[in-house]
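J.: Sharing upload25.txt below, compact mmCIF, C-alpha atoms:
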# COMPACT_ATOMS: atom_id res chain seq x y z
CA MET A 1074 15.15 -24.38 -16.01
CA PRO A 1075 15.83 -20.76 -15.04
CA TYR A 1076 12.62 -18.82 -15.02
CA HIS A 1077 13.56 -16.35 -17.70
CA GLN A 1078 14.38 -19.12 -20.16
CA ARG A 1079 11.00 -20.79 -20.05
CA GLU A 1080 9.20 -20.69 -23.32
CA ILE A 1081 5.51 -20.67 -24.06
CA GLU A 1082 4.06 -24.12 -23.68
CA ASP A 1083 0.66 -25.62 -23.08
CA SER A 1084 0.00 -25.78 -19.37
CA GLY A 1085 -3.58 -27.01 -19.52
CA GLY A 1086 -5.10 -23.57 -19.00
CA ARG A 1087 -3.26 -22.94 -15.73
CA GLY A 1088 -1.77 -19.85 -17.20
CA ALA A 1089 0.53 -19.96 -20.17
CA VAL A 1090 4.16 -20.37 -19.23
CA VAL A 1091 5.96 -17.55 -20.87
CA ASN A 1092 8.83 -15.25 -20.22
CA PRO A 1093 7.33 -12.54 -18.00
CA ASN A 1094 9.88 -10.01 -19.30
CA ARG A 1095 8.32 -10.39 -22.69
CA LEU A 1096 4.85 -9.71 -21.29
CA SER A 1097 5.90 -6.20 -20.33
CA GLN A 1098 6.70 -5.60 -24.00
CA VAL A 1099 3.37 -7.19 -24.94
CA LEU A 1100 1.50 -4.91 -22.56
CA SER A 1101 3.47 -1.95 -23.80
CA SER A 1102 2.63 -2.66 -27.42
CA PHE A 1103 -1.00 -3.34 -26.49
CA SER A 1104 -1.16 0.04 -24.80
CA GLU A 1105 -0.23 1.65 -28.11
CA THR A 1106 -2.13 -0.51 -30.58
CA GLN A 1107 -5.06 -2.04 -28.65
CA ASP A 1108 -4.18 -5.25 -30.46
CA ARG A 1109 -6.46 -8.11 -29.42
CA GLY A 1110 -3.80 -10.75 -29.91
CA ALA A 1111 -1.54 -9.03 -27.40
CA PHE A 1112 -4.43 -8.63 -24.99
CA ARG A 1113 -5.24 -12.30 -25.30
CA GLU A 1114 -1.66 -13.21 -24.50
CA LEU A 1115 -1.85 -11.18 -21.30
CA TYR A 1116 -5.17 -12.77 -20.43
CA ASP A 1117 -3.91 -16.29 -21.01
CA TYR A 1118 -0.94 -15.68 -18.77
CA TYR A 1119 -2.40 -13.54 -15.99
CA GLY A 1120 -6.05 -14.70 -15.98
CA PRO A 1121 -5.45 -18.05 -14.24
CA ARG A 1122 -2.82 -16.49 -11.95
CA LEU A 1123 -5.15 -13.72 -10.86
CA LYS A 1124 -7.89 -16.28 -10.28
CA GLN A 1125 -5.51 -18.04 -7.89
CA PHE A 1126 -4.55 -14.68 -6.37
CA TYR A 1127 -8.18 -13.84 -5.58
CA MET A 1128 -8.94 -17.34 -4.31
CA LYS A 1129 -5.97 -17.17 -1.94
CA SER A 1130 -7.60 -14.29 -0.12
CA GLY A 1131 -10.69 -16.38 0.50
CA THR A 1132 -12.80 -15.58 -2.54
CA ASP A 1133 -14.92 -18.45 -3.92
CA GLU A 1134 -14.12 -19.72 -7.37
CA ALA A 1135 -17.07 -18.17 -9.23
CA THR A 1136 -16.47 -14.75 -7.69
CA ALA A 1137 -12.74 -15.05 -8.38
CA GLU A 1138 -13.44 -15.66 -12.08
CA GLU A 1139 -15.82 -12.74 -12.16
CA MET A 1140 -13.13 -10.58 -10.56
CA VAL A 1141 -10.56 -11.71 -13.10
CA GLN A 1142 -12.87 -10.53 -15.87
CA GLU A 1143 -13.43 -7.23 -14.11
CA THR A 1144 -9.69 -6.83 -13.69
CA PHE A 1145 -9.12 -7.30 -17.41
CA VAL A 1146 -11.82 -4.79 -18.23
CA LEU A 1147 -9.78 -2.39 -16.10
CA VAL A 1148 -6.52 -3.43 -17.81
CA TRP A 1149 -8.14 -2.78 -21.20
CA ARG A 1150 -9.35 0.66 -20.15
CA LYS A 1151 -6.23 1.77 -18.36
CA ALA A 1152 -3.61 0.25 -20.67
CA HIS A 1153 -2.90 3.61 -22.30
CA LEU A 1154 -1.44 4.70 -18.94
CA TYR A 1155 1.10 1.87 -18.85
CA ASP A 1156 4.75 2.87 -19.02
CA VAL A 1157 7.20 0.00 -19.47
CA THR A 1158 10.13 2.13 -18.32
CA LYS A 1159 8.54 2.56 -14.90
CA ALA A 1160 7.04 -0.81 -14.04
CA ALA A 1161 6.98 -4.40 -15.23
CA ALA A 1162 3.61 -5.66 -16.49
CA SER A 1163 3.40 -7.94 -13.45
CA THR A 1164 3.85 -4.99 -11.07
CA TRP A 1165 1.22 -2.89 -12.76
CA ILE A 1166 -1.29 -5.71 -13.04
CA PHE A 1167 -0.65 -6.63 -9.41
CA THR A 1168 -1.52 -3.07 -8.30
CA ILE A 1169 -4.76 -3.14 -10.30
CA ALA A 1170 -5.71 -6.53 -8.81
CA ARG A 1171 -4.79 -5.43 -5.29
CA ASN A 1172 -6.89 -2.29 -5.63
CA HIS A 1173 -9.76 -4.26 -7.10
CA ARG A 1174 -9.62 -6.68 -4.18
CA ILE A 1175 -9.88 -3.82 -1.70
CA ASP A 1176 -12.76 -2.20 -3.60
CA ARG A 1177 -14.72 -5.31 -4.38
CA ILE A 1178 -14.21 -7.64 -1.43
CA ARG A 1179 -13.39 -5.45 1.50
CA ARG A 1180 -15.53 -2.57 0.28
CA GLU A 1181 -13.26 -0.24 2.13
CA LYS A 1182 -12.13 3.20 1.36
CA ARG A 1183 -8.97 2.72 -0.60
CA PHE A 1184 -5.91 4.75 0.16
CA VAL A 1185 -3.41 2.95 -2.02
CA SER A 1186 -2.05 4.62 -5.11
CA LYS A 1187 -4.71 5.55 -7.63
CA ASP A 1188 -4.31 3.58 -10.84
CA GLU A 1189 -4.67 6.77 -12.84
CA HIS A 1190 -1.74 8.34 -11.01
CA TYR A 1191 0.44 5.29 -10.84
CA PHE A 1192 3.07 6.42 -13.30
CA GLU A 1193 2.94 10.09 -12.43
CA THR A 1194 4.95 9.96 -9.27
CA GLU A 1195 8.44 11.20 -9.85
CA LEU A 1196 10.76 9.09 -7.84
CA VAL A 1197 14.20 9.68 -6.52
CA ALA A 1198 16.99 7.18 -6.62
CA GLU A 1199 17.90 6.05 -3.15
CA GLY A 1200 19.73 2.89 -4.04
CA ASP A 1201 16.46 0.99 -4.59
CA GLN A 1202 15.93 1.87 -8.18
CA ASP A 1203 16.71 4.57 -10.60
CA GLU A 1204 15.16 5.53 -13.86
CA ASN A 1205 17.59 3.49 -15.94
CA VAL A 1206 16.66 0.23 -14.33
CA ASP A 1207 15.15 -2.33 -16.64
CA GLN A 1208 11.88 -2.85 -14.77
CA PRO A 1209 10.83 -6.11 -16.40
CA LYS A 1210 14.25 -7.59 -15.66
CA MET A 1211 13.99 -6.37 -12.11
CA SER A 1212 10.91 -8.50 -11.70
CA SER A 1213 12.88 -11.68 -12.42
CA ILE A 1214 15.63 -10.57 -10.03
CA ILE A 1215 13.01 -10.16 -7.32
CA GLN A 1216 11.59 -13.56 -8.07
CA LYS A 1217 15.02 -15.12 -7.66
CA ALA A 1218 15.64 -13.16 -4.48
CA LEU A 1219 12.28 -14.28 -3.10
CA ALA A 1220 13.24 -17.89 -3.68
CA GLU A 1221 16.42 -17.32 -1.67
CA LEU A 1222 14.71 -15.82 1.38
CA PRO A 1223 14.75 -17.88 4.57
CA ALA A 1224 11.51 -19.88 4.66
CA ASN A 1225 10.16 -18.12 7.75
CA GLN A 1226 10.57 -14.72 6.10
CA ALA A 1227 9.18 -15.80 2.73
CA GLU A 1228 6.12 -17.23 4.48
CA LEU A 1229 5.25 -13.86 6.02
CA VAL A 1230 5.81 -11.98 2.76
CA LYS A 1231 3.47 -14.37 0.99
CA LEU A 1232 0.83 -14.11 3.70
CA SER A 1233 0.95 -10.34 3.35
CA PHE A 1234 0.67 -10.22 -0.43
CA TYR A 1235 -1.52 -13.23 -1.13
CA GLU A 1236 -3.85 -13.11 1.85
CA GLU A 1237 -3.59 -9.42 2.78
CA VAL A 1238 -3.07 -10.35 6.41
CA THR A 1239 -2.13 -7.59 8.87
CA HIS A 1240 0.87 -7.91 11.21
CA ALA A 1241 -1.43 -8.57 14.18
CA GLU A 1242 -3.34 -11.26 12.29
CA ILE A 1243 -0.11 -12.97 11.21
CA ALA A 1244 1.07 -12.92 14.83
CA SER A 1245 -2.09 -14.57 16.10
CA ARG A 1246 -2.32 -17.03 13.24
CA LEU A 1247 1.26 -18.24 13.57
CA GLN A 1248 1.49 -17.80 17.34
CA LEU A 1249 4.42 -15.42 17.03
CA PRO A 1250 5.17 -12.27 19.01
CA LEU A 1251 4.16 -9.18 17.03
CA GLY A 1252 7.74 -7.90 17.20
CA THR A 1253 8.98 -11.07 15.49
CA VAL A 1254 6.47 -10.66 12.67
CA LYS A 1255 7.61 -7.09 12.10
CA SER A 1256 11.29 -7.87 12.23
CA ARG A 1257 10.98 -10.81 9.82
CA LEU A 1258 9.11 -8.68 7.32
CA ARG A 1259 11.65 -5.91 7.73
CA LEU A 1260 14.55 -8.31 7.20
CA ALA A 1261 12.86 -9.82 4.17
CA PHE A 1262 12.31 -6.46 2.52
CA GLY A 1263 15.86 -5.43 3.39
CA ARG A 1264 17.27 -8.52 1.67
CA LEU A 1265 15.11 -8.02 -1.41
CA ARG A 1266 16.20 -4.41 -1.67
CA LYS A 1267 19.83 -5.40 -1.27
CA LYS A 1268 19.58 -7.88 -4.14
CA LEU A 1269 18.07 -5.20 -6.32
CA ALA A 1270 20.82 -2.77 -5.42
CA GLU A 1271 23.45 -5.35 -6.39
CA PHE A 1272 21.70 -5.88 -9.68
CA GLU A 1273 21.80 -2.19 -10.44
CA THR A 1274 25.47 -1.69 -9.86
CA MET B 268 13.36 17.51 4.02
CA ILE B 269 11.80 14.58 5.81
CA ASN B 270 14.05 12.97 8.39
CA HIS B 271 11.81 10.43 10.04
CA HIS B 272 10.33 7.77 7.77
CA ILE B 273 7.94 4.84 7.97
CA SER B 274 9.36 1.39 8.70
CA ASP B 275 9.95 -1.05 5.85
CA GLU B 276 7.49 -3.57 7.26
CA MET B 277 4.68 -1.01 7.19
CA LEU B 278 5.56 0.11 3.66
CA MET B 279 5.61 -3.47 2.45
CA SER B 280 2.26 -4.35 4.04
CA TYR B 281 0.81 -1.17 2.59
CA ALA B 282 1.96 -2.21 -0.89
CA ALA B 283 0.46 -5.65 -0.27
CA GLY B 284 -2.92 -4.11 0.57
CA ALA B 285 -2.58 -5.72 4.00
CA LEU B 286 -3.10 -2.70 6.25
CA SER B 287 -6.36 -1.63 7.84
CA GLU B 288 -8.09 1.44 6.43
CA GLY B 289 -6.67 3.81 9.04
CA ALA B 290 -3.08 2.59 8.76
CA SER B 291 -3.37 2.65 5.00
CA LEU B 292 -4.60 6.26 5.03
CA PHE B 293 -1.61 7.12 7.18
CA VAL B 294 0.97 5.54 4.88
CA ALA B 295 -0.73 6.93 1.75
CA SER B 296 -0.59 10.43 3.25
CA HIS B 297 3.07 10.06 4.12
CA ILE B 298 4.18 8.78 0.73
CA HIS B 299 2.34 11.65 -0.84
CA MET B 300 4.88 13.88 0.92
CA CYS B 301 7.92 11.60 0.95
CA LYS B 302 9.53 10.43 -2.28
CA LYS B 303 11.88 8.12 -0.48
CA CYS B 304 9.06 6.07 1.05
CA ALA B 305 7.06 6.27 -2.21
CA GLN B 306 10.07 4.72 -3.93
CA ARG B 307 10.14 1.86 -1.45
CA VAL B 308 6.45 1.24 -1.95
CA PHE B 309 7.13 0.99 -5.69
CA THR B 310 9.79 -1.59 -4.96
CA ALA B 311 7.42 -3.51 -2.71
CA GLU B 312 4.78 -3.43 -5.44
CA ALA B 313 7.31 -5.01 -7.77
CA VAL B 314 7.60 -7.77 -5.14
CA GLY B 315 3.82 -8.16 -5.41
CA GLY B 316 4.16 -8.44 -9.18
CA ALA B 317 6.84 -11.10 -8.90
CA LEU B 318 4.61 -13.03 -6.50
CA VAL B 319 1.77 -12.95 -9.01
CA ASP B 320 4.15 -14.25 -11.70
CA ASP B 321 5.10 -16.99 -9.28
CA LEU B 322 1.56 -18.31 -8.72
CA ASP B 323 0.31 -21.57 -10.19
CA GLY B 324 -2.68 -20.53 -12.23
CA VAL B 325 -6.12 -22.06 -11.75
CA PRO B 326 -7.81 -22.70 -15.11
CA MET B 327 -10.72 -20.43 -15.89
CA THR B 328 -13.88 -22.53 -16.20
CA SER B 329 -16.91 -20.40 -16.90
CA CYS B 330 -15.48 -17.16 -18.26
CA GLY B 331 -13.47 -17.23 -21.45
CA PHE B 332 -11.68 -14.65 -23.53
CA ASP B 333 -14.68 -14.20 -25.83
CA ASP B 334 -16.93 -13.42 -22.85
CA LEU B 335 -14.37 -10.89 -21.73
CA MET B 336 -14.26 -9.18 -25.12
CA ALA B 337 -18.06 -9.13 -25.34
CA ARG B 338 -18.14 -7.48 -21.97
CA ILE B 339 -15.52 -4.91 -22.89
CA GLU B 340 -17.40 -4.00 -26.03
CA SER B 341 -20.71 -3.61 -24.21
CA GLU B 342 -19.17 -1.51 -21.43
CA GLU B 343 -16.83 0.54 -23.53
CA GLN B 344 -19.03 3.60 -23.69
CA VAL B 345 -18.55 4.16 -19.96
CA SER B 346 -17.10 7.59 -19.53
CA ALA B 347 -13.40 7.52 -18.87
CA SER B 348 -13.76 10.48 -16.58
CA GLN B 349 -15.69 8.62 -13.91
CA ASN B 350 -12.57 8.21 -11.85
CA ASP B 351 -11.45 11.78 -12.14
CA ILE B 352 -10.39 13.16 -8.87
CA LEU B 353 -11.42 16.58 -7.79
CA VAL B 354 -8.66 18.31 -5.95
CA GLU B 355 -9.06 21.81 -4.61
CA PRO B 356 -5.93 23.88 -5.24
CA GLU B 357 -6.39 25.81 -2.01
CA LEU B 358 -6.15 22.55 -0.09
CA ASN B 359 -2.82 21.56 -1.60
CA HIS B 360 -1.01 21.77 1.73
CA ILE B 361 -3.03 18.73 2.82
CA PRO B 362 -1.73 15.34 1.58
CA GLU B 363 -4.08 14.21 -1.17
CA PRO B 364 -5.57 11.08 0.48
CA LEU B 365 -6.47 13.14 3.54
CA GLN B 366 -7.68 16.02 1.41
CA LEU B 367 -10.13 13.75 -0.40
CA LEU B 368 -11.40 12.42 2.91
CA LEU B 369 -11.79 15.81 4.61
CA GLY B 370 -12.90 17.94 1.68
CA LYS B 371 -12.02 21.06 3.66
CA ASP B 372 -9.16 22.82 5.36
CA TYR B 373 -7.95 21.89 8.85
CA LYS B 374 -9.29 25.17 10.24
CA ASP B 375 -12.82 24.39 9.05
CA LEU B 376 -13.09 21.01 10.77
CA PRO B 377 -15.37 20.56 13.77
CA TRP B 378 -12.50 20.12 16.24
CA LYS B 379 -13.43 18.86 19.68
CA SER B 380 -11.52 20.04 22.69
CA VAL B 381 -10.18 17.12 24.73
CA ALA B 382 -8.07 19.01 27.25
CA PRO B 383 -6.73 22.53 27.56
CA GLY B 384 -4.42 22.97 24.57
CA VAL B 385 -5.50 19.81 22.74
CA LYS B 386 -8.18 19.40 20.12
CA GLN B 387 -8.97 16.36 18.08
CA PHE B 388 -10.96 15.32 15.06
CA ILE B 389 -11.71 11.62 14.68
CA LEU B 390 -11.43 10.61 11.04
CA PRO B 391 -14.22 8.64 9.42
CA VAL B 392 -12.23 5.55 8.52
CA GLY B 393 -12.97 2.00 9.49
CA GLY B 394 -10.64 -0.24 11.39
CA ASN B 395 -10.45 -3.15 13.70
CA ARG B 396 -11.55 -2.95 17.30
CA GLY B 397 -9.40 -0.54 19.25
CA GLU B 398 -8.05 1.23 16.19
CA LYS B 399 -8.50 4.96 15.80
CA THR B 400 -7.31 7.44 13.24
CA ARG B 401 -7.50 11.08 14.20
CA LEU B 402 -6.11 14.53 13.75
CA LEU B 403 -4.69 16.13 16.87
CA LYS B 404 -4.07 19.84 17.23
CA LEU B 405 -1.68 20.93 19.95
CA SER B 406 -1.41 24.57 21.01
CA PRO B 407 2.09 26.10 20.89
CA GLY B 408 4.09 25.03 23.90
CA PHE B 409 1.57 22.35 24.84
CA VAL B 410 3.16 19.39 26.58
CA THR B 411 1.32 16.12 26.00
CA PRO B 412 0.82 14.21 29.22
CA GLU B 413 3.50 11.58 29.49
CA HIS B 414 2.13 8.37 28.13
CA SER B 415 3.12 4.95 26.99
CA HIS B 416 1.60 2.67 24.43
CA LYS B 417 -0.07 -0.66 24.92
CA GLY B 418 -0.23 -0.94 21.20
CA TYR B 419 1.26 0.78 18.25
CA GLU B 420 1.09 4.44 17.34
CA LEU B 421 1.94 6.33 14.18
CA THR B 422 2.15 10.11 14.26
CA MET B 423 2.88 12.41 11.33
CA VAL B 424 3.27 16.17 11.44
CA LEU B 425 0.95 18.02 9.05
CA GLN B 426 1.61 21.52 10.37
CA GLY B 427 4.03 23.01 12.91
CA SER B 428 6.39 20.66 14.72
CA PHE B 429 6.91 18.78 17.95
CA SER B 430 9.81 17.40 19.93
CA ASP B 431 10.27 14.64 22.41
CA GLU B 432 13.10 12.57 23.83
CA SER B 433 13.66 10.94 20.46
CA GLY B 434 14.08 14.11 18.40
CA ARG B 435 12.35 16.89 16.54
CA TYR B 436 9.52 16.17 14.13
CA LYS B 437 8.65 18.57 11.34
CA LEU B 438 6.32 18.59 8.34
CA GLY B 439 5.93 15.04 6.98
CA ASP B 440 8.07 13.42 9.68
CA VAL B 441 6.73 10.21 11.17
CA GLN B 442 7.09 8.82 14.64
CA GLU B 443 6.40 5.13 15.00
CA ALA B 444 5.98 4.06 18.61
CA ASP B 445 5.28 0.75 20.24
CA GLY B 446 4.79 -0.52 23.77
CA GLU B 447 8.31 0.25 24.84
CA ILE B 448 8.20 3.98 24.27
CA ASP B 449 7.33 6.32 27.09
CA HIS B 450 7.21 9.86 25.85
CA GLN B 451 6.02 13.37 26.34
CA PRO B 452 5.81 15.26 23.04
CA ILE B 453 5.80 19.06 23.11
CA ALA B 454 4.55 21.41 20.39
CA ASP B 455 7.67 23.50 19.93
CA THR B 456 6.89 26.37 17.55
CA ASP B 457 4.57 29.34 17.76
CA GLU B 458 1.89 27.82 15.56
CA ASP B 459 -0.54 25.01 16.29
CA CYS B 460 0.95 21.61 15.68
CA ILE B 461 -1.44 19.40 13.69
CA CYS B 462 -0.70 15.69 13.50
CA LEU B 463 -2.26 12.68 11.88
CA VAL B 464 -2.32 9.93 14.48
CA TYR B 465 -3.13 6.27 14.05
CA THR B 466 -3.36 4.03 17.13
CA ASP B 467 -4.30 0.38 17.28
CA ALA B 468 -4.91 0.36 21.03
CA PRO B 469 -5.69 2.98 23.66
CA LEU B 470 -2.84 5.14 24.98
CA GLU B 471 -1.95 4.83 28.64
CA PHE B 472 -1.42 8.04 30.50
CA LYS B 473 0.65 8.22 33.61
CA GLY B 474 -0.46 9.72 36.89
CA VAL B 475 -3.90 10.22 38.38
CA LEU B 476 -4.66 13.55 36.75
CA ASN B 477 -3.58 12.38 33.38
CA ARG B 478 -5.66 9.27 33.69
CA MET B 479 -8.64 11.56 34.07
CA LEU B 480 -7.87 12.80 30.57
CA GLN B 481 -8.11 9.30 29.20
CA PRO B 482 -11.87 9.28 28.50
CA PHE B 483 -11.58 12.52 26.57
CA PHE B 484 -9.25 11.05 24.03
CA GLY B 485 -12.21 9.10 22.75
CA ILE B 486 -10.99 5.69 23.80
If you took the structure in this file and wrote it as structure tokens, what would it be?
T.:
Amino acid sequence: MPYHQREIEDSGGRGAVVNPNRLSQVLSSFSETQDRGAFRELYDYYGPRLKQFYMKSGTDEATAEEMVQETFVLVWRKAHLYDVTKAAASTWIFTIARNHRIDRIRREKRFVSKDEHYFETELVAEGDQDENVDQPKMSSIIQKALAELPANQAELVKLSFYEEVTHAEIASRLQLPLGTVKSRLRLAFGRLRKKLAEFET
Amino acid sequence: MINHHISDEMLMSYAAGALSEGASLFVASHIHMCKKCAQRVFTAEAVGGALVDDLDGVPMTSCGFDDLMARIESEEQVSASQNDILVEPELNHIPEPLQLLLGKDYKDLPWKSVAPGVKQFILPVGGNRGEKTRLLKLSPGFVTPEHSHKGYELTMVLQGSFSDESGRYKLGDVQEADGEIDHQPIADTDEDCICLVYTDAPLEFKGVLNRMLQPFFGI
């Protein structure tokens, strides 16, 4: 079944299966109303996924659950900043989780975009996106494009996002020359951007 | 107008949170000045979002929605301003991530002279073995000793400009160099050229005299 046609169904707590496009509207309405029902829907969908996300980067299960809760405290507090015209719910929640992972697990100084400023950046169209793009829809286009990537490119993209592995670490883990790692990632991003550009025109 | 940008693979790994602290500071500083690269990072973050959508969830066992709500209610009084960022207007010429790290203007940093015409300031960011993130200040007309790279080097102009065989680099421009590049940058205006430089391995200088400089570059 195409992803965007899936309906809500019981998935045994593994994260409700729901149309992610709709969740952007849910988050958007939550950001205006602070409605608990909407918040619960986001939690049911993203909670188990974020638990998996944190566990993939080597976090134990108990800590991962704790981090999921912390992430949703952040989502609750920052929801008023959310702007559905600029990012899909998945994108915004990903950035909060990514930042939380850097703060909490790596305890590093964080130089990625500040959550508070996330929607302030004024962007220019350069073929990637423009302000009229339906962000939530874009997310499903990306998902489709990801599924169509050659396996050796998709693998490196996933290692980067799920396990936050640097180019050098990927190279040593997969026994690949560093140049190959870089070029595969570059090709992958190029393909994804091309798909998005086609979608826009 | 920025003419030299950061490669897609670096932007994507930055969006993934998969760069070391130094490299991440570098990319963050560049996208603060470059809308085009900021746009690509946004796109890459949407890739991250799609990948989260794509995960098979693991059921939550010990923490439920009610626990979450109880926690939110007990923590809600936390001041919303705790994350406010203090930015000094007189430091606005410095990209924000760097500004927050330095807290002062370039001219007020404790620069260390490493050779006639070159000063550096090592930035207090962590990194893997061999990695260094620094500011370099080249006097006008200064010609960097010809060097090649064992590893990977990112250079961004923060003030002034420099040129080498590959072109001219002005405010916000980035040069990304790997082991194959052999170059000799020259500060080509009448003001000091200040650059943010990230290296993941020591530079290799050519010639006996230049090799004597090597220890001074803090390697």
J.: Please report the interatomic distance between atom CA of A:Glu1271 and atom CA of B:Phe309 in Å with one decimal.
T.: 17.5 Å
J.: Counting only C-alpha atoms, find the residues whose atoms lie at most 10 Å from (-4.7, -11.7, 1.3) (file coordinates) and write them out as an MDAnalysis selection string.
T.: (chainID A and resid 1126:1132 1171 1174:1175 1231:1239) or (chainID B and resid 283:285)
J.: Taking only C-alpha atoms into account, report as an NGL selection string which residues of chain B lie within 7 Å of chain A.
T.: :B and (275-276 or 280 or 283-286 or 288 or 291-292 or 295 or 302-303 or 306 or 312-317 or 319-320 or 322-327 or 330 or 335 or 339 or 364)
J.: Would you save the residues from that selection as a PDB file, keeping the file's coordinate frame, using C-alpha atoms?
T.:
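Generated file (out-v1.pdb):
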ATOM      1  CA  ASP B 275       9.950  -1.050   5.850  1.00  0.00           C
ATOM      2  CA  GLU B 276       7.490  -3.570   7.260  1.00  0.00           C
ATOM      3  CA  SER B 280       2.260  -4.350   4.040  1.00  0.00           C
ATOM      4  CA  ALA B 283       0.460  -5.650  -0.270  1.00  0.00           C
ATOM      5  CA  GLY B 284      -2.920  -4.110   0.570  1.00  0.00           C
ATOM      6  CA  ALA B 285      -2.580  -5.720   4.000  1.00  0.00           C
ATOM      7  CA  LEU B 286      -3.100  -2.700   6.250  1.00  0.00           C
ATOM      8  CA  GLU B 288      -8.090   1.440   6.430  1.00  0.00           C
ATOM      9  CA  SER B 291      -3.370   2.650   5.000  1.00  0.00           C
ATOM     10  CA  LEU B 292      -4.600   6.260   5.030  1.00  0.00           C
ATOM     11  CA  ALA B 295      -0.730   6.930   1.750  1.00  0.00           C
ATOM     12  CA  LYS B 302       9.530  10.430  -2.280  1.00  0.00           C
ATOM     13  CA  LYS B 303      11.880   8.120  -0.480  1.00  0.00           C
ATOM     14  CA  GLN B 306      10.070   4.720  -3.930  1.00  0.00           C
ATOM     15  CA  GLU B 312       4.780  -3.430  -5.440  1.00  0.00           C
ATOM     16  CA  ALA B 313       7.310  -5.010  -7.770  1.00  0.00           C
ATOM     17  CA  VAL B 314       7.600  -7.770  -5.140  1.00  0.00           C
ATOM     18  CA  GLY B 315       3.820  -8.160  -5.410  1.00  0.00           C
ATOM     19  CA  GLY B 316       4.160  -8.440  -9.180  1.00  0.00           C
ATOM     20  CA  ALA B 317       6.840 -11.100  -8.900  1.00  0.00           C
ATOM     21  CA  VAL B 319       1.770 -12.950  -9.010  1.00  0.00           C
ATOM     22  CA  ASP B 320       4.150 -14.250 -11.700  1.00  0.00           C
ATOM     23  CA  LEU B 322       1.560 -18.310  -8.720  1.00  0.00           C
ATOM     24  CA  ASP B 323       0.310 -21.570 -10.190  1.00  0.00           C
ATOM     25  CA  GLY B 324      -2.680 -20.530 -12.230  1.00  0.00           C
ATOM     26  CA  VAL B 325      -6.120 -22.060 -11.750  1.00  0.00           C
ATOM     27  CA  PRO B 326      -7.810 -22.700 -15.110  1.00  0.00           C
ATOM     28  CA  MET B 327     -10.720 -20.430 -15.890  1.00  0.00           C
ATOM     29  CA  CYS B 330     -15.480 -17.160 -18.260  1.00  0.00           C
ATOM     30  CA  LEU B 335     -14.370 -10.890 -21.730  1.00  0.00           C
ATOM     31  CA  ILE B 339     -15.520  -4.910 -22.890  1.00  0.00           C
ATOM     32  CA  PRO B 364      -5.570  11.080   0.480  1.00  0.00           C
TER      33      PRO B 364
END
J.: Measure the distance from atom CA of A:Ala1111 to atom CA of B:Thr310 in Å and round it to one decimal.
T.: 26.2 Å
J.: Have a look at atom CA of B:Ala305 and atom CA of A:Asn1225 and let me know their distance in Å, one decimal.
T.: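 So the two atoms, atom CA of B:Ala305 and atom CA of A:Asn1225, lie 26.5 Å apart.
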J.: A:Asp1133, A:Glu1105, A:Asp1207, A:Glu1221: which is nearest A:Leu1154, counting all atoms listed in the file?
T.: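 So, comparing all the options, the nearest one is A:Glu1105.
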J.: Need to verify the contact set: stretch 431-437 of chain B, 7 Å, all atoms listed in the file, exclusion of same-chain residues closer than 2 positions in sequence. Can you return it as a ChimeraX atom specification?
T.: /B:424,427-429,439-440,450-453
J.: Create the file for the chosen residues now, containing C-alpha atoms and written as a PDB file, in the coordinates of the input.
T.:
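As a result, again_35.pdb now contains:
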ATOM      1  CA  VAL B 424       3.270  16.170  11.440  1.00  0.00           C
ATOM      2  CA  GLY B 427       4.030  23.010  12.910  1.00  0.00           C
ATOM      3  CA  SER B 428       6.390  20.660  14.720  1.00  0.00           C
ATOM      4  CA  PHE B 429       6.910  18.780  17.950  1.00  0.00           C
ATOM      5  CA  GLY B 439       5.930  15.040   6.980  1.00  0.00           C
ATOM      6  CA  ASP B 440       8.070  13.420   9.680  1.00  0.00           C
ATOM      7  CA  HIS B 450       7.210   9.860  25.850  1.00  0.00           C
ATOM      8  CA  GLN B 451       6.020  13.370  26.340  1.00  0.00           C
ATOM      9  CA  PRO B 452       5.810  15.260  23.040  1.00  0.00           C
ATOM     10  CA  ILE B 453       5.800  19.060  23.110  1.00  0.00           C
TER      11      ILE B 453
END
J.: Could you list, as a PyMOL selection string, every residue within 7 Å of B:Glu398, counting all atoms listed in the file and ignoring same-chain residues fewer than 2 positions away?
T.: chain B and resi 394-396+400+466-468
J.: Output stretch 365-370 of chain B as a compact mmCIF listing (two decimals), in the coordinates of the input, making sure N, CA and C atoms are there.
T.:
# COMPACT_ATOMS: atom_id res chain seq x y z
N LEU B 365 -5.78 12.51 2.42
CA LEU B 365 -6.47 13.14 3.54
C LEU B 365 -7.40 14.25 3.04
N GLN B 366 -6.90 14.95 2.03
CA GLN B 366 -7.68 16.02 1.41
C GLN B 366 -9.01 15.49 0.86
N LEU B 367 -8.93 14.33 0.20
CA LEU B 367 -10.13 13.75 -0.40
C LEU B 367 -11.10 13.29 0.69
N LEU B 368 -10.56 12.89 1.81
CA LEU B 368 -11.40 12.42 2.91
C LEU B 368 -12.05 13.60 3.63
N LEU B 369 -11.29 14.67 3.84
CA LEU B 369 -11.79 15.81 4.61
C LEU B 369 -12.65 16.74 3.77
N GLY B 370 -12.17 17.02 2.56
CA GLY B 370 -12.90 17.94 1.68
C GLY B 370 -12.85 19.39 2.14
